[in-house]
Amino acid sequence: MLFKLKSLQRRLARKKKRSSNYEKQRIKVARMHHTIDNTRSYFHFEQANMFCVSLLTW
């Protein structure tokens, strides 16, 4: 996902600011940031959940 974010940001940097294509690309970059954020927070939630469950069954 980070490689895709890198390429999306590179494409955004090449666009003319405030053009319609720039805005569309900016939304794609924001969506990828949101996806990465959700993935990381889900991973931390799962790790904490597994830790708590393992303590309860121990």
# chains A, B, ... in the order shown; residues from 1 in each chain; ligands from 1
>>> residues_around(residues="range 9-13 of chain A", least_positions_apart="2", cutoff="9 Å", atoms="only C-alpha atoms", output="MDAnalysis selection string")
chainID A and resid 4:7 15:17 21:23 25:26 29
>>> residues_around(residues="Met32 in chain A", least_positions_apart="4", cutoff="9 Å", atoms="only C-alpha atoms", output="list of chain:residue names")
A:Met1, A:Leu2, A:Lys4, A:Leu5, A:Leu8, A:Ile27, A:Lys28, A:Ile36, A:Asp37
>>> write_last_selection(atoms="N, CA, C and O atoms", output="PDB file, in the first residue's frame")
ATOM      1  N   MET A   1       0.813  -1.192   0.000  1.00  0.00           N
ATOM      2  CA  MET A   1       0.000   0.000   0.000  1.00  0.00           C
ATOM      3  C   MET A   1       0.858   1.259   0.000  1.00  0.00           C
ATOM      4  O   MET A   1       0.478   2.259  -0.602  1.00  0.00           O
ATOM      5  N   LEU A   2       2.009   1.192   0.671  1.00  0.00           N
ATOM      6  CA  LEU A   2       2.851   2.383   0.715  1.00  0.00           C
ATOM      7  C   LEU A   2       3.440   2.698  -0.656  1.00  0.00           C
ATOM      8  O   LEU A   2       3.619   3.869  -1.006  1.00  0.00           O
ATOM      9  N   LYS A   4       1.923   2.140  -3.488  1.00  0.00           N
ATOM     10  CA  LYS A   4       0.841   2.768  -4.243  1.00  0.00           C
ATOM     11  C   LYS A   4       0.647   4.218  -3.812  1.00  0.00           C
ATOM     12  O   LYS A   4       0.441   5.102  -4.646  1.00  0.00           O
ATOM     13  N   LEU A   5       0.743   4.474  -2.499  1.00  0.00           N
ATOM     14  CA  LEU A   5       0.637   5.846  -2.007  1.00  0.00           C
ATOM     15  C   LEU A   5       1.743   6.715  -2.588  1.00  0.00           C
ATOM     16  O   LEU A   5       1.506   7.853  -2.999  1.00  0.00           O
ATOM     17  N   LEU A   8       0.873   7.527  -6.146  1.00  0.00           N
ATOM     18  CA  LEU A   8      -0.241   8.479  -6.206  1.00  0.00           C
ATOM     19  C   LEU A   8       0.218   9.892  -5.851  1.00  0.00           C
ATOM     20  O   LEU A   8      -0.187  10.865  -6.489  1.00  0.00           O
ATOM     21  N   ILE A  27      -8.021  13.626  -4.050  1.00  0.00           N
ATOM     22  CA  ILE A  27      -9.010  12.761  -3.391  1.00  0.00           C
ATOM     23  C   ILE A  27      -8.521  11.313  -3.363  1.00  0.00           C
ATOM     24  O   ILE A  27      -8.693  10.609  -2.363  1.00  0.00           O
ATOM     25  N   LYS A  28      -7.875  10.864  -4.434  1.00  0.00           N
ATOM     26  CA  LYS A  28      -7.331   9.497  -4.458  1.00  0.00           C
ATOM     27  C   LYS A  28      -6.256   9.318  -3.397  1.00  0.00           C
ATOM     28  O   LYS A  28      -6.196   8.284  -2.714  1.00  0.00           O
ATOM     29  N   ILE A  36      -4.866   3.269   4.649  1.00  0.00           N
ATOM     30  CA  ILE A  36      -3.690   2.889   5.440  1.00  0.00           C
ATOM     31  C   ILE A  36      -3.964   3.109   6.920  1.00  0.00           C
ATOM     32  O   ILE A  36      -3.617   2.269   7.763  1.00  0.00           O
ATOM     33  N   ASP A  37      -4.603   4.217   7.253  1.00  0.00           N
ATOM     34  CA  ASP A  37      -4.943   4.514   8.648  1.00  0.00           C
ATOM     35  C   ASP A  37      -5.865   3.445   9.208  1.00  0.00           C
ATOM     36  O   ASP A  37      -5.657   2.960  10.331  1.00  0.00           O
TER      37      ASP A  37
END
